[in-house]
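Dropping input-v1.pdb in here (PDB, C-alpha atoms):
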```
ATOM      1  CA  MET A 182    -106.974  26.735  25.100
ATOM      2  CA  SER A 183    -103.583  26.998  23.427
ATOM      3  CA  LYS A 184    -102.106  24.435  25.853
ATOM      4  CA  ASP A 185    -104.526  21.787  24.525
ATOM      5  CA  GLN A 186    -103.430  22.250  20.948
ATOM      6  CA  GLY A 187    -100.636  19.745  20.013
ATOM      7  CA  VAL A 188     -99.113  21.794  17.203
ATOM      8  CA  SER A 189     -99.332  25.510  16.763
ATOM      9  CA  ARG A 190     -99.812  27.085  13.343
ATOM     10  CA  ARG A 191     -96.250  28.415  13.485
ATOM     11  CA  GLN A 192     -94.838  24.967  14.298
ATOM     12  CA  PHE A 193     -96.933  23.372  11.555
ATOM     13  CA  LEU A 194     -95.559  25.809   8.982
ATOM     14  CA  ASN A 195     -92.002  25.168  10.227
ATOM     15  CA  TYR A 196     -92.454  21.421   9.824
ATOM     16  CA  CYS A 197     -93.849  21.882   6.333
ATOM     17  CA  LEU A 198     -90.957  24.114   5.308
ATOM     18  CA  THR A 199     -88.389  21.739   6.812
ATOM     19  CA  GLY A 200     -89.987  18.765   5.050
ATOM     20  CA  VAL A 201     -90.097  20.479   1.655
ATOM     21  CA  GLY A 202     -86.539  21.760   2.090
ATOM     22  CA  GLY A 203     -85.384  18.263   3.041
ATOM     23  CA  PHE A 204     -86.967  16.744  -0.069
ATOM     24  CA  LEU A 205     -85.371  19.366  -2.290
ATOM     25  CA  ALA A 206     -81.953  18.857  -0.700
ATOM     26  CA  ALA A 207     -82.252  15.053  -1.011
ATOM     27  CA  GLY A 208     -83.286  15.434  -4.645
ATOM     28  CA  MET A 209     -80.145  17.402  -5.353
ATOM     29  CA  LEU A 210     -77.720  15.349  -3.264
ATOM     30  CA  ALA A 211     -78.825  11.855  -4.322
ATOM     31  CA  PRO A 212     -77.522  12.071  -7.920
ATOM     32  CA  MET A 213     -74.270  13.618  -6.688
ATOM     33  CA  ILE A 214     -73.694  10.800  -4.198
ATOM     34  CA  LYS A 215     -74.592   8.175  -6.811
ATOM     35  CA  PHE A 216     -72.176   9.780  -9.268
ATOM     36  CA  ALA A 217     -69.379   9.737  -6.680
ATOM     37  CA  VAL A 218     -69.925   6.195  -5.399
ATOM     38  CA  ASP A 219     -71.155   4.364  -8.513
ATOM     39  CA  PRO A 220     -67.780   3.547 -10.141
ATOM     40  CA  ALA A 221     -66.629   1.848  -6.945
ATOM     41  CA  LEU A 222     -69.738  -0.335  -6.857
ATOM     42  CA  LYS A 223     -69.631  -1.331 -10.523
ATOM     43  CA  LYS A 224     -67.865  -4.509 -11.620
ATOM     44  CA  GLY A 225     -64.693  -3.259 -13.269
ATOM     45  CA  LYS A 226     -64.749  -4.204 -16.938
ATOM     46  CA  ALA A 227     -61.096  -3.385 -17.383
ATOM     47  CA  GLY A 228     -59.876  -4.813 -14.120
ATOM     48  CA  GLY A 229     -62.040  -7.726 -13.073
ATOM     49  CA  ASN A 230     -61.864 -10.007 -16.105
ATOM     50  CA  MET A 231     -60.002 -13.268 -15.736
ATOM     51  CA  VAL A 232     -59.459 -15.175 -18.958
ATOM     52  CA  PRO A 233     -58.809 -18.912 -19.357
ATOM     53  CA  VAL A 234     -55.293 -19.517 -20.672
ATOM     54  CA  VAL A 235     -54.142 -23.105 -20.148
ATOM     55  CA  ASP A 236     -55.005 -26.380 -18.429
ATOM     56  CA  GLU A 237     -53.286 -26.657 -15.087
ATOM     57  CA  ALA A 238     -52.402 -30.285 -15.865
ATOM     58  CA  VAL A 239     -49.969 -29.328 -18.642
ATOM     59  CA  LEU A 240     -47.929 -27.032 -16.399
ATOM     60  CA  THR A 241     -44.644 -28.188 -14.893
ATOM     61  CA  GLY A 242     -41.896 -26.592 -12.869
ATOM     62  CA  GLU A 243     -40.389 -25.349 -16.129
ATOM     63  CA  PRO A 244     -41.788 -21.985 -17.315
ATOM     64  CA  SER A 245     -43.692 -22.314 -20.601
ATOM     65  CA  ASN A 246     -44.940 -19.521 -22.831
ATOM     66  CA  HIS A 247     -48.692 -19.088 -23.367
ATOM     67  CA  GLY A 248     -50.537 -16.531 -25.456
ATOM     68  CA  PHE A 249     -54.010 -15.243 -24.702
ATOM     69  CA  LYS A 250     -56.352 -12.421 -25.589
ATOM     70  CA  TYR A 251     -57.452  -9.927 -22.987
ATOM     71  CA  LYS A 252     -60.245  -7.376 -23.273
ATOM     72  CA  ILE A 253     -59.322  -3.901 -22.159
ATOM     73  CA  THR A 254     -61.874  -1.132 -21.913
ATOM     74  CA  ASP A 255     -60.519   2.209 -22.930
ATOM     75  CA  ALA A 256     -62.397   5.462 -22.384
ATOM     76  CA  TRP A 257     -61.614   6.633 -25.915
ATOM     77  CA  LEU A 258     -61.720   3.478 -27.996
ATOM     78  CA  GLY A 259     -64.172   1.338 -26.019
ATOM     79  CA  GLU A 260     -63.591  -2.373 -25.544
ATOM     80  CA  GLN A 261     -60.511  -3.691 -27.320
ATOM     81  CA  GLU A 262     -58.925  -7.104 -27.458
ATOM     82  CA  THR A 263     -55.192  -7.187 -26.964
ATOM     83  CA  GLU A 264     -52.826 -10.132 -27.395
ATOM     84  CA  LEU A 265     -50.666 -10.941 -24.392
ATOM     85  CA  THR A 266     -48.268 -13.693 -23.395
ATOM     86  CA  ALA A 267     -47.182 -15.090 -20.058
ATOM     87  CA  TRP A 268     -44.485 -17.406 -18.746
ATOM     88  CA  ILE A 269     -46.355 -19.872 -16.540
ATOM     89  CA  TYR A 270     -45.058 -22.601 -14.226
ATOM     90  CA  LYS A 271     -45.956 -24.469 -11.052
ATOM     91  CA  GLU A 272     -44.027 -24.247  -7.839
ATOM     92  CA  GLY A 273     -45.088 -26.096  -4.720
ATOM     93  CA  GLY A 274     -48.658 -26.467  -5.942
ATOM     94  CA  GLN A 275     -48.886 -22.755  -6.724
ATOM     95  CA  VAL A 276     -49.298 -21.479 -10.288
ATOM     96  CA  ILE A 277     -47.049 -18.531 -11.131
ATOM     97  CA  ALA A 278     -47.519 -16.414 -14.259
ATOM     98  CA  LEU A 279     -44.846 -13.866 -15.164
ATOM     99  CA  SER A 280     -45.127 -11.031 -17.644
ATOM    100  CA  PRO A 281     -42.502 -11.334 -20.414
ATOM    101  CA  ILE A 282     -41.958  -7.577 -20.583
ATOM    102  CA  CYS A 283     -38.439  -6.609 -19.486
ATOM    103  CA  LYS A 284     -38.422  -3.981 -16.749
ATOM    104  CA  HIS A 285     -35.472  -2.223 -18.322
ATOM    105  CA  LEU A 286     -36.866  -0.869 -21.598
ATOM    106  CA  GLY A 287     -39.800  -3.103 -22.466
ATOM    107  CA  CYS A 288     -38.321  -5.789 -24.728
ATOM    108  CA  THR A 289     -39.613  -9.359 -24.481
ATOM    109  CA  VAL A 290     -37.673 -11.798 -22.317
ATOM    110  CA  GLY A 291     -37.302 -15.509 -23.023
ATOM    111  CA  TRP A 292     -36.676 -18.503 -20.766
ATOM    112  CA  LYS A 293     -33.303 -20.152 -21.395
ATOM    113  CA  ASN A 294     -33.094 -18.364 -24.738
ATOM    114  CA  ASP A 295     -29.404 -17.799 -24.219
ATOM    115  CA  PRO A 296     -27.453 -21.077 -24.087
ATOM    116  CA  GLN A 297     -25.005 -19.615 -21.591
ATOM    117  CA  LYS A 298     -27.682 -18.391 -19.178
ATOM    118  CA  GLN A 299     -29.379 -21.588 -18.021
ATOM    119  CA  ASN A 300     -32.437 -21.379 -15.766
ATOM    120  CA  ARG A 301     -32.723 -17.671 -16.286
ATOM    121  CA  PHE A 302     -34.983 -15.309 -18.188
ATOM    122  CA  PHE A 303     -32.861 -13.393 -20.670
ATOM    123  CA  CYS A 304     -33.576 -10.122 -22.458
ATOM    124  CA  PRO A 305     -31.705 -10.037 -25.787
ATOM    125  CA  CYS A 306     -31.820  -6.240 -26.138
ATOM    126  CA  HIS A 307     -29.395  -5.281 -23.378
ATOM    127  CA  ASN A 308     -28.564  -8.632 -21.752
ATOM    128  CA  GLY A 309     -30.962  -8.290 -18.827
ATOM    129  CA  LEU A 310     -31.275 -11.367 -16.619
ATOM    130  CA  TYR A 311     -33.980 -12.585 -14.251
ATOM    131  CA  GLU A 312     -34.238 -15.632 -12.041
ATOM    132  CA  LYS A 313     -37.047 -18.143 -12.472
ATOM    133  CA  ASN A 314     -39.315 -16.285 -10.058
ATOM    134  CA  GLY A 315     -38.765 -13.069 -11.988
ATOM    135  CA  LYS A 316     -36.198 -11.553  -9.649
ATOM    136  CA  ASN A 317     -33.814  -9.264 -11.510
ATOM    137  CA  VAL A 318     -30.192 -10.360 -11.375
ATOM    138  CA  PRO A 319     -27.990  -7.622  -9.872
ATOM    139  CA  GLY A 320     -25.388  -6.224 -12.216
ATOM    140  CA  THR A 321     -27.671  -6.477 -15.264
ATOM    141  CA  PRO A 322     -29.710  -3.520 -16.572
ATOM    142  CA  PRO A 323     -33.195  -4.244 -15.114
ATOM    143  CA  MET A 324     -33.794  -2.581 -11.754
ATOM    144  CA  ASN A 325     -37.039  -4.381 -10.854
ATOM    145  CA  PRO A 326     -38.392  -7.933 -10.990
ATOM    146  CA  LEU A 327     -40.693  -9.088 -13.806
ATOM    147  CA  ASP A 328     -44.347  -8.317 -13.139
ATOM    148  CA  THR A 329     -46.785 -11.135 -12.411
ATOM    149  CA  TYR A 330     -50.333 -11.750 -13.629
ATOM    150  CA  GLN A 331     -53.253 -12.244 -11.267
ATOM    151  CA  VAL A 332     -53.830 -16.012 -11.255
ATOM    152  CA  GLU A 333     -56.917 -18.064 -10.482
ATOM    153  CA  VAL A 334     -57.310 -21.828 -10.915
ATOM    154  CA  LYS A 335     -60.869 -23.076 -11.434
ATOM    155  CA  ASN A 336     -61.920 -26.567 -12.523
ATOM    156  CA  GLY A 337     -58.407 -27.405 -13.645
ATOM    157  CA  LYS A 338     -58.096 -24.329 -15.838
ATOM    158  CA  VAL A 339     -55.661 -21.477 -15.207
ATOM    159  CA  TYR A 340     -57.194 -18.010 -15.518
ATOM    160  CA  LEU A 341     -55.090 -14.872 -15.789
ATOM    161  CA  GLY A 342     -56.051 -11.282 -15.058
ATOM    162  CA  LEU A 343     -54.269  -7.989 -14.793
ATOM    163  CA  VAL A 344     -50.535  -7.492 -14.497
ATOM    164  CA  GLU A 345     -49.369  -6.426 -11.057
ATOM    165  CA  PRO A 346     -46.018  -5.844  -9.347
ATOM    166  CA  ASN A 347     -44.184  -9.043  -8.470
ATOM    167  CA  LYS A 348     -45.096 -10.088  -4.930
ATOM    168  CA  ILE A 349     -43.153 -13.347  -4.852
ATOM    169  CA  VAL A 350     -39.779 -11.619  -4.702
ATOM    170  CA  GLY A 351     -38.647  -8.529  -2.916
ATOM    171  CA  GLY A 352     -36.545  -7.178  -5.791
ATOM    172  CA  ALA A 353     -32.807  -6.969  -5.992
TER     173      ALA A 353
ATOM    174  CA  MET B 126     -47.234   1.098 -35.088
ATOM    175  CA  LYS B 127     -48.518   4.630 -35.475
ATOM    176  CA  TRP B 128     -46.394   7.188 -33.702
ATOM    177  CA  LYS B 129     -47.850   9.064 -30.807
ATOM    178  CA  VAL B 130     -46.344  12.038 -29.013
ATOM    179  CA  GLU B 131     -45.917  10.013 -25.838
ATOM    180  CA  ASP B 132     -44.040   7.308 -27.793
ATOM    181  CA  MET B 133     -41.628   9.915 -29.041
ATOM    182  CA  GLU B 134     -41.089  11.292 -25.538
ATOM    183  CA  GLN B 135     -40.432   7.765 -24.294
ATOM    184  CA  LEU B 136     -38.057   7.122 -27.173
ATOM    185  CA  LEU B 137     -36.101  10.275 -26.459
ATOM    186  CA  GLY B 138     -35.858   9.165 -22.839
ATOM    187  CA  MET B 139     -34.169   5.916 -23.845
ATOM    188  CA  GLU B 140     -32.213   7.398 -26.725
ATOM    189  CA  GLU B 141     -28.849   5.953 -25.738
ATOM    190  CA  TYR B 142     -30.243   2.398 -25.866
ATOM    191  CA  VAL B 143     -32.156   2.494 -29.154
ATOM    192  CA  ASP B 144     -29.562   1.870 -31.838
ATOM    193  CA  THR B 145     -31.405  -0.069 -34.549
ATOM    194  CA  LEU B 146     -33.606   1.340 -37.266
ATOM    195  CA  LEU B 147     -36.208  -0.924 -38.816
ATOM    196  CA  TYR B 148     -37.585   0.385 -42.090
ATOM    197  CA  PRO B 149     -40.612  -1.511 -43.478
ATOM    198  CA  VAL B 150     -41.131  -1.191 -47.226
ATOM    199  CA  SER B 151     -44.106  -2.732 -48.984
ATOM    200  CA  VAL B 152     -44.050  -2.969 -52.783
ATOM    201  CA  SER B 153     -47.345  -3.745 -54.502
ATOM    202  CA  PRO B 154     -48.317  -4.194 -58.145
ATOM    203  CA  MET B 155     -49.976  -1.315 -59.958
ATOM    204  CA  ASP B 156     -53.303  -3.119 -60.149
ATOM    205  CA  TRP B 157     -55.192  -2.029 -57.087
ATOM    206  CA  ASP B 158     -56.913  -4.951 -55.401
ATOM    207  CA  VAL B 159     -57.460  -6.607 -52.040
ATOM    208  CA  LYS B 160     -53.911  -7.953 -52.078
ATOM    209  CA  TRP B 161     -52.607  -4.399 -51.764
ATOM    210  CA  ILE B 162     -54.181  -4.045 -48.370
ATOM    211  CA  ALA B 163     -53.224  -7.578 -47.354
ATOM    212  CA  ASP B 164     -49.559  -6.987 -48.327
ATOM    213  CA  GLN B 165     -49.391  -3.773 -46.358
ATOM    214  CA  PHE B 166     -51.177  -5.251 -43.360
ATOM    215  CA  TRP B 167     -48.850  -8.264 -43.431
ATOM    216  CA  LEU B 168     -45.781  -6.027 -43.395
ATOM    217  CA  GLU B 169     -47.231  -3.847 -40.626
ATOM    218  CA  LYS B 170     -48.128  -6.836 -38.454
ATOM    219  CA  VAL B 171     -44.734  -8.504 -38.833
ATOM    220  CA  SER B 172     -42.754  -5.313 -38.284
ATOM    221  CA  SER B 173     -44.830  -4.290 -35.262
ATOM    222  CA  ASN B 174     -44.371  -7.770 -33.785
ATOM    223  CA  VAL B 175     -40.613  -7.392 -34.200
ATOM    224  CA  GLU B 176     -40.730  -3.963 -32.601
ATOM    225  CA  GLN B 177     -42.903  -5.193 -29.743
ATOM    226  CA  ASN B 178     -40.339  -7.862 -28.902
ATOM    227  CA  LEU B 179     -37.317  -5.593 -29.191
ATOM    228  CA  LYS B 180     -38.753  -2.186 -28.418
ATOM    229  CA  GLY B 181     -35.970  -1.264 -26.030
ATOM    230  CA  ARG B 182     -33.499  -1.290 -28.880
ATOM    231  CA  VAL B 183     -35.400  -0.977 -32.155
ATOM    232  CA  PHE B 184     -36.945   2.127 -33.661
ATOM    233  CA  LEU B 185     -39.654   1.293 -36.152
ATOM    234  CA  PHE B 186     -39.684   3.812 -38.976
ATOM    235  CA  GLN B 187     -42.968   4.719 -40.662
ATOM    236  CA  PRO B 188     -43.690   2.081 -43.335
ATOM    237  CA  LEU B 189     -43.236   3.008 -46.964
ATOM    238  CA  CYS B 190     -45.743   1.696 -49.496
ATOM    239  CA  VAL B 191     -44.688   1.707 -53.119
ATOM    240  CA  ALA B 192     -46.721   0.991 -56.249
ATOM    241  CA  ARG B 193     -44.483  -0.834 -58.657
ATOM    242  CA  ASN B 194     -44.024   0.373 -62.223
ATOM    243  CA  GLU B 195     -41.072   0.337 -64.624
ATOM    244  CA  LEU B 196     -39.383   3.214 -62.733
ATOM    245  CA  PHE B 197     -39.743   1.518 -59.372
ATOM    246  CA  LEU B 198     -36.099   0.521 -58.843
ATOM    247  CA  ASP B 199     -34.714   3.791 -60.217
ATOM    248  CA  THR B 200     -36.848   5.949 -57.956
ATOM    249  CA  THR B 201     -37.480   3.905 -54.835
ATOM    250  CA  ILE B 202     -33.943   2.787 -54.071
ATOM    251  CA  PRO B 203     -32.439   6.313 -54.084
ATOM    252  CA  PHE B 204     -35.302   7.549 -51.918
ATOM    253  CA  ILE B 205     -34.821   4.818 -49.300
ATOM    254  CA  ARG B 206     -31.057   5.145 -49.543
ATOM    255  CA  GLN B 207     -31.161   8.835 -48.716
ATOM    256  CA  ASN B 208     -33.498   8.197 -45.773
ATOM    257  CA  ILE B 209     -31.189   5.544 -44.396
ATOM    258  CA  LYS B 210     -28.130   7.688 -44.980
ATOM    259  CA  ALA B 211     -29.751  10.598 -43.180
ATOM    260  CA  MET B 212     -30.261   8.403 -40.109
ATOM    261  CA  SER B 213     -26.998   6.488 -40.237
ATOM    262  CA  ASN B 214     -25.298   8.629 -37.600
ATOM    263  CA  ARG B 215     -28.150   8.152 -35.171
ATOM    264  CA  PHE B 216     -28.631   4.409 -35.775
ATOM    265  CA  PRO B 217     -25.512   2.233 -36.070
ATOM    266  CA  HIS B 218     -27.707  -0.703 -37.168
ATOM    267  CA  ARG B 219     -30.134  -0.217 -40.032
ATOM    268  CA  ALA B 220     -32.457  -2.883 -41.365
ATOM    269  CA  ILE B 221     -35.056  -3.035 -44.102
ATOM    270  CA  LEU B 222     -38.000  -5.372 -43.952
ATOM    271  CA  THR B 223     -39.595  -5.744 -47.358
ATOM    272  CA  ASN B 224     -41.636  -8.019 -49.584
ATOM    273  CA  SER B 225     -39.568  -7.060 -52.639
ATOM    274  CA  LYS B 226     -36.754  -9.420 -53.581
ATOM    275  CA  GLU B 227     -35.087  -6.830 -55.841
ATOM    276  CA  LEU B 228     -35.101  -4.247 -53.089
ATOM    277  CA  ALA B 229     -33.713  -6.674 -50.491
ATOM    278  CA  GLU B 230     -30.918  -7.776 -52.828
ATOM    279  CA  ALA B 231     -30.040  -4.213 -53.805
ATOM    280  CA  PHE B 232     -29.668  -3.095 -50.202
ATOM    281  CA  GLN B 233     -27.832  -6.223 -49.105
ATOM    282  CA  GLU B 234     -25.225  -5.362 -51.725
ATOM    283  CA  GLU B 235     -24.888  -1.946 -50.109
ATOM    284  CA  GLY B 236     -24.292  -3.475 -46.677
ATOM    285  CA  VAL B 237     -27.723  -2.719 -45.229
ATOM    286  CA  ILE B 238     -29.362  -5.562 -43.307
ATOM    287  CA  ALA B 239     -32.333  -6.588 -45.456
ATOM    288  CA  PHE B 240     -35.006  -9.106 -44.531
ATOM    289  CA  LEU B 241     -37.205 -10.496 -47.270
ATOM    290  CA  LEU B 242     -40.698 -11.239 -46.015
ATOM    291  CA  SER B 243     -42.402 -14.525 -46.802
ATOM    292  CA  PRO B 244     -45.354 -14.131 -49.196
ATOM    293  CA  THR B 245     -48.521 -12.678 -47.674
ATOM    294  CA  PRO B 246     -50.707 -15.515 -46.321
ATOM    295  CA  GLU B 247     -53.876 -16.374 -48.213
ATOM    296  CA  GLU B 248     -56.009 -16.236 -45.058
ATOM    297  CA  ALA B 249     -58.202 -13.227 -44.294
ATOM    298  CA  VAL B 250     -56.224 -10.439 -42.631
ATOM    299  CA  THR B 251     -58.566 -10.481 -39.652
ATOM    300  CA  SER B 252     -58.276 -14.244 -39.125
ATOM    301  CA  LYS B 253     -56.461 -15.749 -36.170
ATOM    302  CA  ARG B 254     -54.295 -17.801 -38.534
ATOM    303  CA  PHE B 255     -53.086 -14.661 -40.312
ATOM    304  CA  LEU B 256     -52.031 -13.128 -36.997
ATOM    305  CA  GLU B 257     -50.359 -16.372 -35.909
ATOM    306  CA  LYS B 258     -48.420 -16.475 -39.162
ATOM    307  CA  SER B 259     -47.297 -12.876 -38.614
ATOM    308  CA  LEU B 260     -45.927 -13.909 -35.205
ATOM    309  CA  ILE B 261     -44.099 -16.861 -36.759
ATOM    310  CA  GLU B 262     -42.642 -14.561 -39.418
ATOM    311  CA  ALA B 263     -41.547 -12.053 -36.775
ATOM    312  CA  ASN B 264     -39.900 -14.866 -34.818
ATOM    313  CA  ARG B 265     -37.914 -15.661 -37.950
ATOM    314  CA  VAL B 266     -36.626 -12.080 -38.178
ATOM    315  CA  ILE B 267     -35.937 -11.457 -34.462
ATOM    316  CA  PRO B 268     -33.032 -13.947 -34.009
ATOM    317  CA  LYS B 269     -31.352 -12.575 -37.123
ATOM    318  CA  LEU B 270     -31.574  -9.044 -35.760
ATOM    319  CA  ILE B 271     -30.238 -10.173 -32.371
ATOM    320  CA  GLY B 272     -27.454 -11.935 -34.250
ATOM    321  CA  VAL B 273     -26.456  -8.625 -35.836
ATOM    322  CA  TRP B 274     -26.080  -7.043 -32.378
ATOM    323  CA  SER B 275     -23.821  -9.798 -31.143
ATOM    324  CA  GLN B 276     -21.452  -9.481 -34.107
TER     325      GLN B 276
END
```

Translate the structure described by the file into structure tokens.
Amino acid sequence: MSKDQGVSRRQFLNYCLTGVGGFLAAGMLAPMIKFAVDPALKKGKAGGNMVPVVDEAVLTGEPSNHGFKYKITDAWLGEQETELTAWIYKEGGQVIALSPICKHLGCTVGWKNDPQKQNRFFCPCHNGLYEKNGKNVPGTPPMNPLDTYQVEVKNGKVYLGLVEPNKIVGGA
Amino acid sequence: MKWKVEDMEQLLGMEEYVDTLLYPVSVSPMDWDVKWIADQFWLEKVSSNVEQNLKGRVFLFQPLCVARNELFLDTTIPFIRQNIKAMSNRFPHRAILTNSKELAEAFQEEGVIAFLLSPTPEEAVTSKRFLEKSLIEANRVIPKLIGVWSQ
């Protein structure tokens, strides 16, 4: 008689308990997993924004200074707009945007702003020098090249994003 | 513009490089009106733009706001003078940025670098034009300050 029965009472109860336990465990784990993975799946408000800065057509091989506003999301203050500038030029069809912040102590560098330092970025605070691609000139205070902005060109417009370490030079 | 503990730690870290004190002083009439705020905001924007450009060498002192009355020159100048004197050993270069012609002239006579601000723009303080003008004004001050270093 018992051999004909597919599921015994004991087995049935075990299945029920396992099923209920599984549901309870899933109910507890699901929010934890979502909490852990969610930030990685969300579009980064602080990181992903690219803002239009200048028409590609006006750029030349000579770095020119362009100001733009960038929205930064801060955990304490929420979304804030900050004013930034970039030195932008074209080289071999590629658009390069350099941060003007000196890597020595944070002053603002200028292109050819010292008559004796042609074709160089010059920091007036402590005489730091950088080449056109942002590479720091050895023997001057900065120890690293100027940072670059993330660049995207869409429909003839140059978009800039976050600042990142200079990848076009290897440093000096 | 407003000091934070981390700014101070950073400043102490680069102490040997920061040799210039910038002291913003805003003088406003006794009648309290919108221009008070605009004057102060103008001075803050210009001085923070200067600091932002030269932050590796310039220490921006907390701005001083003064309400002008008949005792203004007799009380304000000695107060600023003693502040500057107290910091003269630490900062070889000391500069005042002010909207008061009398104050600028008085300190220039004493050998302090004094920059007289252009009048506060008529535009709203939150307008883009106001901010642009503050950048232009800062760019007028910056070369003069750099010039002092190269002397």

- Task: State, in Å with one decimal place, the distance from atom CA of Tyr340 of chain A to atom CA of Met231 of chain A.
- Result: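 Taking atom CA of Tyr340 of chain A and atom CA of Met231 of chain A, their separation equals 5.5 Å.
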
Give me the residues of segment 178-247 of chain B that have any atom at most 8 Å from an atom of segment 140-161 of chain B; for each, the nearest atom pair and the distance in Å, rounded to one decimal. Use only C-alpha atoms, sort by chain and number, and format it as JSON lines.
```
{"residue": "B:Gly181", "atom": "CA", "partner": "B:Val143", "partner_atom": "CA", "distance": 6.2}
{"residue": "B:Arg182", "atom": "CA", "partner": "B:Val143", "partner_atom": "CA", "distance": 4.0}
{"residue": "B:Val183", "atom": "CA", "partner": "B:Thr145", "partner_atom": "CA", "distance": 4.7}
{"residue": "B:Phe184", "atom": "CA", "partner": "B:Leu146", "partner_atom": "CA", "distance": 5.0}
{"residue": "B:Leu185", "atom": "CA", "partner": "B:Leu147", "partner_atom": "CA", "distance": 4.9}
{"residue": "B:Phe186", "atom": "CA", "partner": "B:Tyr148", "partner_atom": "CA", "distance": 5.1}
{"residue": "B:Gln187", "atom": "CA", "partner": "B:Tyr148", "partner_atom": "CA", "distance": 7.1}
{"residue": "B:Pro188", "atom": "CA", "partner": "B:Pro149", "partner_atom": "CA", "distance": 4.7}
{"residue": "B:Leu189", "atom": "CA", "partner": "B:Val150", "partner_atom": "CA", "distance": 4.7}
{"residue": "B:Cys190", "atom": "CA", "partner": "B:Ser151", "partner_atom": "CA", "distance": 4.7}
{"residue": "B:Val191", "atom": "CA", "partner": "B:Val152", "partner_atom": "CA", "distance": 4.7}
{"residue": "B:Ala192", "atom": "CA", "partner": "B:Ser153", "partner_atom": "CA", "distance": 5.1}
{"residue": "B:Arg193", "atom": "CA", "partner": "B:Pro154", "partner_atom": "CA", "distance": 5.1}
{"residue": "B:Asn194", "atom": "CA", "partner": "B:Met155", "partner_atom": "CA", "distance": 6.6}
{"residue": "B:Arg215", "atom": "CA", "partner": "B:Asp144", "partner_atom": "CA", "distance": 7.3}
{"residue": "B:Phe216", "atom": "CA", "partner": "B:Asp144", "partner_atom": "CA", "distance": 4.8}
{"residue": "B:Pro217", "atom": "CA", "partner": "B:Asp144", "partner_atom": "CA", "distance": 5.9}
{"residue": "B:His218", "atom": "CA", "partner": "B:Thr145", "partner_atom": "CA", "distance": 4.6}
{"residue": "B:Arg219", "atom": "CA", "partner": "B:Leu146", "partner_atom": "CA", "distance": 4.7}
{"residue": "B:Ala220", "atom": "CA", "partner": "B:Leu147", "partner_atom": "CA", "distance": 4.9}
{"residue": "B:Ile221", "atom": "CA", "partner": "B:Tyr148", "partner_atom": "CA", "distance": 4.7}
{"residue": "B:Leu222", "atom": "CA", "partner": "B:Pro149", "partner_atom": "CA", "distance": 4.7}
{"residue": "B:Thr223", "atom": "CA", "partner": "B:Val150", "partner_atom": "CA", "distance": 4.8}
{"residue": "B:Asn224", "atom": "CA", "partner": "B:Ser151", "partner_atom": "CA", "distance": 5.9}
{"residue": "B:Ser225", "atom": "CA", "partner": "B:Val152", "partner_atom": "CA", "distance": 6.1}
```

- Message: Could you check the closest approach to chain B for each of A:Thr289, A:Gln192, A:Asn246, A:Gln275 and tell me which residue wins, using only C-alpha atoms?
- Response: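 Smallest distance to chain B is found for A:Thr289.
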
- Task: Please write as an NGL selection string the full residue list that the PyMOL selection byres ((chain B) within 10 of (chain A)) yields on this file.
- Result: :B and (135-136 or 139 or 142-143 or 175-183 or 267-268 or 271-272 or 274-275)

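A straight line drawn from atom CA of Ala238 of chain A to atom CA of Val339 of chain A is 9.4 Å long.
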
- Message: Applying the PyMOL selection byres ((chain A and resi 265) around 12) to the file I just gave you, which residues come out? Please list them as a count of residues only.
- Response: 30

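When atom CA of Lys338 of chain A is paired with atom CA of Pro233 of chain A, their separation reads 6.5 Å.
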
Near-Lys271 of chain A list (12 Å; all atoms listed in the file; drop same-chain fewer than 4 positions) as a PDB file with C-alpha atoms, keeping the file's coordinate frame:
```pdb
ATOM      1  CA  ASP A 236     -55.005 -26.380 -18.429  1.00  0.00           C
ATOM      2  CA  GLU A 237     -53.286 -26.657 -15.087  1.00  0.00           C
ATOM      3  CA  ALA A 238     -52.402 -30.285 -15.865  1.00  0.00           C
ATOM      4  CA  VAL A 239     -49.969 -29.328 -18.642  1.00  0.00           C
ATOM      5  CA  LEU A 240     -47.929 -27.032 -16.399  1.00  0.00           C
ATOM      6  CA  THR A 241     -44.644 -28.188 -14.893  1.00  0.00           C
ATOM      7  CA  GLY A 242     -41.896 -26.592 -12.869  1.00  0.00           C
ATOM      8  CA  GLU A 243     -40.389 -25.349 -16.129  1.00  0.00           C
ATOM      9  CA  PRO A 244     -41.788 -21.985 -17.315  1.00  0.00           C
ATOM     10  CA  SER A 245     -43.692 -22.314 -20.601  1.00  0.00           C
ATOM     11  CA  GLN A 275     -48.886 -22.755  -6.724  1.00  0.00           C
ATOM     12  CA  VAL A 276     -49.298 -21.479 -10.288  1.00  0.00           C
ATOM     13  CA  ILE A 277     -47.049 -18.531 -11.131  1.00  0.00           C
ATOM     14  CA  ALA A 278     -47.519 -16.414 -14.259  1.00  0.00           C
ATOM     15  CA  LEU A 279     -44.846 -13.866 -15.164  1.00  0.00           C
ATOM     16  CA  LYS A 313     -37.047 -18.143 -12.472  1.00  0.00           C
ATOM     17  CA  ASN A 314     -39.315 -16.285 -10.058  1.00  0.00           C
ATOM     18  CA  VAL A 332     -53.830 -16.012 -11.255  1.00  0.00           C
ATOM     19  CA  VAL A 334     -57.310 -21.828 -10.915  1.00  0.00           C
ATOM     20  CA  VAL A 339     -55.661 -21.477 -15.207  1.00  0.00           C
TER      21      VAL A 339
END
```

- Convert the output of the PyMOL selection byres ((chain B and resi 262) around 12) on the shown file into explicit residues, formatted as number ranges by chain. B: 167-175, 222, 240-246, 255-261, 263-269
